[in-house]
Amino acid sequence: VMTAAGPATAYRTHIKTLNIGGIILHDVPATINPSMHGDLVLLGMTALKRLDFSYQDNMLVLKQR
């Protein structure tokens, strides 16, 4: 894959159930990027395109459709 930091190896996977603060998504395609260190997770468009989201008062607001 191509990242902001350049090319990296990533592995395709599938998340059966993704729970984000009470929002529940099912059958989400995902990738595992071993070059991302620590416990941070990048939420990509495969999940975000299923949500309504906006930016209010310096906060990203996610709502389930």
# chains A, B, ... in the order shown; residues from 1 in each chain; ligands from 1

call {"tool": "residues_around", "arguments": {"residues": "Ala47 (chain A)", "least_positions_apart": "6", "cutoff": "10 Å", "atoms": "only C-alpha atoms", "output": "PyMOL selection string"}}
result
chain A and resi 18+25-30

call {"tool": "residues_around", "arguments": {"residues": "Ala5 (chain A)", "least_positions_apart": "3", "cutoff": "12 Å", "atoms": "only C-alpha atoms", "output": "NGL selection string"}}
result
:A and (1-2 or 8 or 35-36)

call {"tool": "write_last_selection", "arguments": {"atoms": "N, CA, C and O atoms", "output": "tab-separated table (two decimals), in the first residue's frame"}}
result
chain	number	residue	atom	x	y	z
A	1	VAL	N	0.84	-1.18	0.00
A	1	VAL	CA	0.00	0.00	0.00
A	1	VAL	C	0.88	1.24	0.00
A	1	VAL	O	2.04	1.19	0.39
A	2	MET	N	0.30	2.35	-0.43
A	2	MET	CA	1.01	3.62	-0.39
A	2	MET	C	0.43	4.45	0.76
A	2	MET	O	-0.77	4.66	0.81
A	8	ALA	N	4.27	0.66	2.06
A	8	ALA	CA	4.30	-0.22	3.23
A	8	ALA	C	3.58	-1.52	2.88
A	8	ALA	O	2.76	-1.56	1.96
A	35	SER	N	3.44	-1.79	10.04
A	35	SER	CA	4.38	-0.70	10.27
A	35	SER	C	3.80	0.38	11.17
A	35	SER	O	4.52	1.28	11.60
A	36	MET	N	2.50	0.31	11.49
A	36	MET	CA	1.91	1.25	12.45
A	36	MET	C	2.22	0.72	13.85
A	36	MET	O	1.82	-0.38	14.20

call {"tool": "select_by_dssp", "arguments": {"residues": "chain A", "states": "alpha helix (DSSP H)", "output": "list of chain:residue names"}}
result
A:Met45, A:Thr46, A:Ala47, A:Leu48

call {"tool": "write_last_selection", "arguments": {"atoms": "all heavy atoms", "output": "mmCIF file, in the first residue's frame"}}
result
data_model
loop_
_atom_site.group_PDB
_atom_site.id
_atom_site.type_symbol
_atom_site.label_atom_id
_atom_site.label_comp_id
_atom_site.auth_asym_id
_atom_site.auth_seq_id
_atom_site.Cartn_x
_atom_site.Cartn_y
_atom_site.Cartn_z
ATOM 1 N N MET A 45 -12.024 4.566 5.143
ATOM 2 C CA MET A 45 -13.273 4.830 4.448
ATOM 3 C C MET A 45 -14.175 3.602 4.349
ATOM 4 O O MET A 45 -15.377 3.751 4.181
ATOM 5 C CB MET A 45 -13.001 5.403 3.058
ATOM 6 C CG MET A 45 -12.505 6.835 3.095
ATOM 7 S SD MET A 45 -13.551 7.975 4.053
ATOM 8 C CE MET A 45 -15.069 7.946 3.128
ATOM 9 N N THR A 46 -13.632 2.389 4.465
ATOM 10 C CA THR A 46 -14.514 1.217 4.427
ATOM 11 C C THR A 46 -15.483 1.235 5.604
ATOM 12 O O THR A 46 -16.585 0.716 5.499
ATOM 13 C CB THR A 46 -13.720 -0.104 4.429
ATOM 14 O OG1 THR A 46 -12.869 -0.138 5.571
ATOM 15 C CG2 THR A 46 -12.921 -0.270 3.154
ATOM 16 N N ALA A 47 -15.094 1.860 6.701
ATOM 17 C CA ALA A 47 -15.996 2.029 7.846
ATOM 18 C C ALA A 47 -16.703 3.373 7.783
ATOM 19 O O ALA A 47 -17.923 3.461 7.964
ATOM 20 C CB ALA A 47 -15.225 1.898 9.152
ATOM 21 N N LEU A 48 -15.955 4.440 7.504
ATOM 22 C CA LEU A 48 -16.541 5.788 7.529
ATOM 23 C C LEU A 48 -17.637 5.992 6.493
ATOM 24 O O LEU A 48 -18.587 6.737 6.729
ATOM 25 C CB LEU A 48 -15.445 6.836 7.338
ATOM 26 C CG LEU A 48 -14.491 7.024 8.509
ATOM 27 C CD1 LEU A 48 -13.375 7.994 8.129
ATOM 28 C CD2 LEU A 48 -15.236 7.520 9.745
#

call {"tool": "atom_distance", "arguments": {"atom1": "CA of Leu62 (chain A)", "atom2": "CA of Leu43 (chain A)"}}
result
11.6 Å

call {"tool": "closest_residue", "arguments": {"among": "A:Gln56, A:Gly38, A:Gly44, A:Ile32", "to": "Thr13 (chain A)", "atoms": "only C-alpha atoms"}}
result
A:Ile32

call {"tool": "select_by_dssp", "arguments": {"residues": "chain A", "states": "strand (DSSP E)", "output": "PyMOL selection string"}}
result
chain A and resi 2-3+6-7+11-20+23-32+51-56+59-64
